[in-house]
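Quick look at my_file11.cif (mmCIF, C-alpha atoms):
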```
data_model
#
loop_
_atom_site.group_PDB
_atom_site.id
_atom_site.type_symbol
_atom_site.label_atom_id
_atom_site.label_comp_id
_atom_site.auth_asym_id
_atom_site.auth_seq_id
_atom_site.Cartn_x
_atom_site.Cartn_y
_atom_site.Cartn_z
ATOM 1 C CA MET A 1 0.000 0.000 0.000
ATOM 2 C CA LYS A 2 2.935 2.316 0.716
ATOM 3 C CA LYS A 3 4.282 1.692 -2.788
ATOM 4 C CA LEU A 4 0.939 2.532 -4.340
ATOM 5 C CA ALA A 5 0.667 5.730 -2.292
ATOM 6 C CA LYS A 6 4.221 6.681 -3.265
ATOM 7 C CA ILE A 7 3.501 6.030 -6.944
ATOM 8 C CA LEU A 8 0.264 7.983 -6.794
ATOM 9 C CA GLY A 9 2.119 10.859 -5.158
ATOM 10 C CA ILE A 10 4.803 10.796 -7.839
ATOM 11 C CA SER A 11 2.184 10.579 -10.560
ATOM 12 C CA ALA A 12 0.419 13.615 -9.120
ATOM 13 C CA LEU A 13 3.703 15.529 -9.172
ATOM 14 C CA LEU A 14 4.377 14.458 -12.747
ATOM 15 C CA GLY A 15 0.838 15.278 -13.774
ATOM 16 C CA CYS A 16 0.001 11.936 -15.328
ATOM 17 C CA ASN A 17 -3.263 10.086 -14.991
ATOM 18 C CA MET A 18 -3.320 8.345 -11.604
ATOM 19 C CA THR A 19 -5.246 5.295 -12.748
ATOM 20 C CA LEU A 20 -2.900 4.737 -15.653
ATOM 21 C CA CYS A 21 0.206 5.032 -13.463
ATOM 22 C CA ALA A 22 -1.323 2.787 -10.814
ATOM 23 C CA GLN A 23 -2.072 0.156 -13.450
ATOM 24 C CA ASP A 24 1.494 0.376 -14.697
ATOM 25 C CA ALA A 25 2.840 -0.040 -11.178
ATOM 26 C CA VAL A 26 1.108 -3.328 -10.384
ATOM 27 C CA ASP A 27 0.821 -6.275 -12.723
ATOM 28 C CA GLU A 28 -2.094 -8.719 -12.778
ATOM 29 C CA LYS A 29 -0.245 -10.867 -10.250
ATOM 30 C CA GLY A 30 0.678 -7.881 -8.108
ATOM 31 C CA LYS A 31 4.365 -8.893 -8.075
ATOM 32 C CA ASP A 32 5.949 -7.170 -11.039
ATOM 33 C CA ASN A 33 6.404 -3.421 -10.852
ATOM 34 C CA PHE A 34 6.911 -0.817 -13.496
ATOM 35 C CA LEU A 35 10.706 -0.539 -13.254
ATOM 36 C CA LYS A 36 11.249 -4.291 -13.529
ATOM 37 C CA ARG A 37 9.129 -4.410 -16.682
ATOM 38 C CA ALA A 38 10.883 -1.363 -18.103
ATOM 39 C CA PHE A 39 14.344 -2.858 -17.552
ATOM 40 C CA ARG A 40 13.181 -6.201 -18.958
ATOM 41 C CA ASP A 41 11.906 -4.432 -22.072
ATOM 42 C CA MET A 42 15.179 -2.533 -22.434
ATOM 43 C CA LYS A 43 17.135 -5.780 -22.080
ATOM 44 C CA GLU A 44 15.045 -7.488 -24.776
ATOM 45 C CA SER A 45 15.395 -4.459 -27.025
ATOM 46 C CA ALA A 46 19.174 -4.438 -26.566
ATOM 47 C CA LYS A 47 19.377 -8.145 -27.416
ATOM 48 C CA LEU A 48 17.334 -7.637 -30.568
ATOM 49 C CA GLN A 49 19.419 -4.613 -31.578
ATOM 50 C CA ARG A 50 22.603 -6.655 -31.107
ATOM 51 C CA GLN A 51 21.229 -9.346 -33.414
ATOM 52 C CA ILE A 52 20.361 -6.692 -35.987
ATOM 53 C CA ASP A 53 23.858 -5.207 -35.750
ATOM 54 C CA LYS A 54 25.461 -8.627 -36.143
ATOM 55 C CA ALA A 55 23.329 -9.384 -39.215
ATOM 56 C CA ASN A 56 24.158 -6.001 -40.769
ATOM 57 C CA TYR A 57 27.854 -6.578 -40.104
ATOM 58 C CA GLN A 58 27.739 -9.999 -41.760
ATOM 59 C CA ALA A 59 25.845 -8.601 -44.752
ATOM 60 C CA THR A 60 28.360 -5.772 -45.197
ATOM 61 C CA LYS A 61 31.257 -8.187 -44.857
ATOM 62 C CA LEU A 62 29.833 -10.553 -47.499
ATOM 63 C CA GLU A 63 28.944 -7.701 -49.856
ATOM 64 C CA SER A 64 32.521 -6.438 -49.603
ATOM 65 C CA LYS A 65 33.861 -9.911 -50.313
ATOM 66 C CA ALA A 66 31.553 -10.286 -53.323
ATOM 67 C CA PHE A 67 32.672 -6.892 -54.684
ATOM 68 C CA PHE A 68 36.314 -7.929 -54.295
ATOM 69 C CA GLN A 69 35.686 -11.197 -56.147
ATOM 70 C CA GLU A 70 33.886 -9.370 -58.959
ATOM 71 C CA GLN A 71 36.751 -6.916 -59.324
ATOM 72 C CA LYS A 72 39.263 -9.765 -59.237
ATOM 73 C CA ARG A 73 37.334 -11.559 -61.984
ATOM 74 C CA MET A 74 37.181 -8.381 -64.053
ATOM 75 C CA SER A 75 40.986 -8.026 -63.913
ATOM 76 C CA ASN A 76 41.175 -10.797 -66.520
ATOM 77 C CA PRO A 77 41.330 -9.056 -69.950
ATOM 78 C CA LYS A 78 39.152 -11.656 -71.686
ATOM 79 C CA VAL A 79 36.387 -11.390 -69.109
ATOM 80 C CA ARG A 80 36.615 -7.584 -69.047
ATOM 81 C CA SER A 81 36.417 -7.268 -72.841
ATOM 82 C CA ALA A 82 33.434 -9.674 -72.964
ATOM 83 C CA ALA A 83 31.630 -7.645 -70.295
ATOM 84 C CA GLU A 84 32.423 -4.403 -72.117
ATOM 85 C CA ARG A 85 31.122 -5.895 -75.384
ATOM 86 C CA GLU A 86 27.872 -6.928 -73.673
ATOM 87 C CA ARG A 87 27.458 -3.445 -72.174
ATOM 88 C CA GLN A 88 28.024 -1.843 -75.594
ATOM 89 C CA LEU A 89 25.474 -4.145 -77.248
ATOM 90 C CA ASN A 90 22.902 -3.275 -74.567
ATOM 91 C CA GLU A 91 23.535 0.444 -75.122
ATOM 92 C CA LEU A 92 23.198 -0.011 -78.893
ATOM 93 C CA GLU A 93 19.894 -1.832 -78.452
ATOM 94 C CA ALA A 94 18.548 0.885 -76.148
ATOM 95 C CA ALA A 95 19.632 3.614 -78.587
ATOM 96 C CA THR A 96 17.972 1.763 -81.480
ATOM 97 C CA GLN A 97 14.725 1.549 -79.535
ATOM 98 C CA ARG A 98 14.874 5.272 -78.791
ATOM 99 C CA VAL A 99 15.421 6.007 -82.500
ATOM 100 C CA GLU A 100 12.415 3.892 -83.451
ATOM 101 C CA ALA A 101 10.263 5.612 -80.817
ATOM 102 C CA ALA A 102 11.378 9.034 -82.048
ATOM 103 C CA LYS A 103 10.589 8.095 -85.659
ATOM 104 C CA ALA A 104 7.118 6.960 -84.603
ATOM 105 C CA LYS A 105 6.547 10.286 -82.815
ATOM 106 C CA VAL A 106 7.658 12.217 -85.903
ATOM 107 C CA GLU A 107 5.320 10.216 -88.162
ATOM 108 C CA ASN A 108 2.495 10.666 -85.671
ATOM 109 C CA ALA A 109 3.103 14.435 -85.541
ATOM 110 C CA LYS A 110 3.184 14.722 -89.378
ATOM 111 C CA SER A 111 -0.064 12.854 -89.838
ATOM 112 C CA LYS A 112 -2.052 15.227 -87.573
#
```
Write the structure described by the file as structure tokens, please.
Amino acid sequence: MKKLAKILGISALLGCNMTLCAQDAVDEKGKDNFLKRAFRDMKESAKLQRQIDKANYQATKLESKAFFQEQKRMSNPKVRSAAERERQLNELEAATQRVEAAKAKVENAKSK
């Protein structure tokens, strides 16, 4: 009862709703108080954040390794020239499509 009176007094000083603070102070079982739950939540949050950080670290590490392997593979002149040829063919195809689209626009504009 002293704890409840102390919490109600603190809640009055803080200006929060007394019923809400009183409900936070005592769990259904009447054993767990607000601070224990808060610290438990912070502990769980810290554990989850650590797992997230570890996963991000692993992902960054593997991405870096993959980039290194790609660059190592591209150091071979045959592979590099084949990749460059493929890139040039893709650019040529895209430019050809743009030319065809522009011709269609010109024909469409002339016919109106």
Using all atoms listed in the file: which of A:Ala95, A:Leu48, A:Lys54, A:Glu70 has the shortest distance to Ala83 of chain A: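 Under the stated criterion, the closest residue is A:Glu70.
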Interatomic distance (Å, one decimal) between atom CA of Phe68 of chain A and atom CA of Gln49 of chain A: 28.5 Å
Emit as lines of an AutoDock Vina configuration file the padded axis-aligned box for all listed atoms of segment 61-73 of chain A, 8 Å per side, with centre and edge lengths in Å to one decimal.
```
center_x = 34.1
center_y = -9.0
center_z = -53.4
size_x = 26.3
size_y = 21.1
size_z = 33.1
```
One-decimal distance in Å that lies between atom CA of Ser64 of chain A and atom CA of Glu91 of chain A: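 A separation of 27.9 Å between them.
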Pairwise distance for atom CA of Met42 of chain A and atom CA of Gln58 of chain A, rounded to one decimal in Å: 24.2 Å
Contacts of segment 68-93 of chain A with segment 97-102 of chain A up to 12 Å, shortest pair per row, all atoms listed in the file, as CSV:
```
residue,atom,partner,partner_atom,distance
A:Asn90,CA,A:Gln97,CA,10.7
A:Glu91,CA,A:Gln97,CA,9.9
A:Leu92,CA,A:Gln97,CA,8.6
A:Glu93,CA,A:Gln97,CA,6.3
```
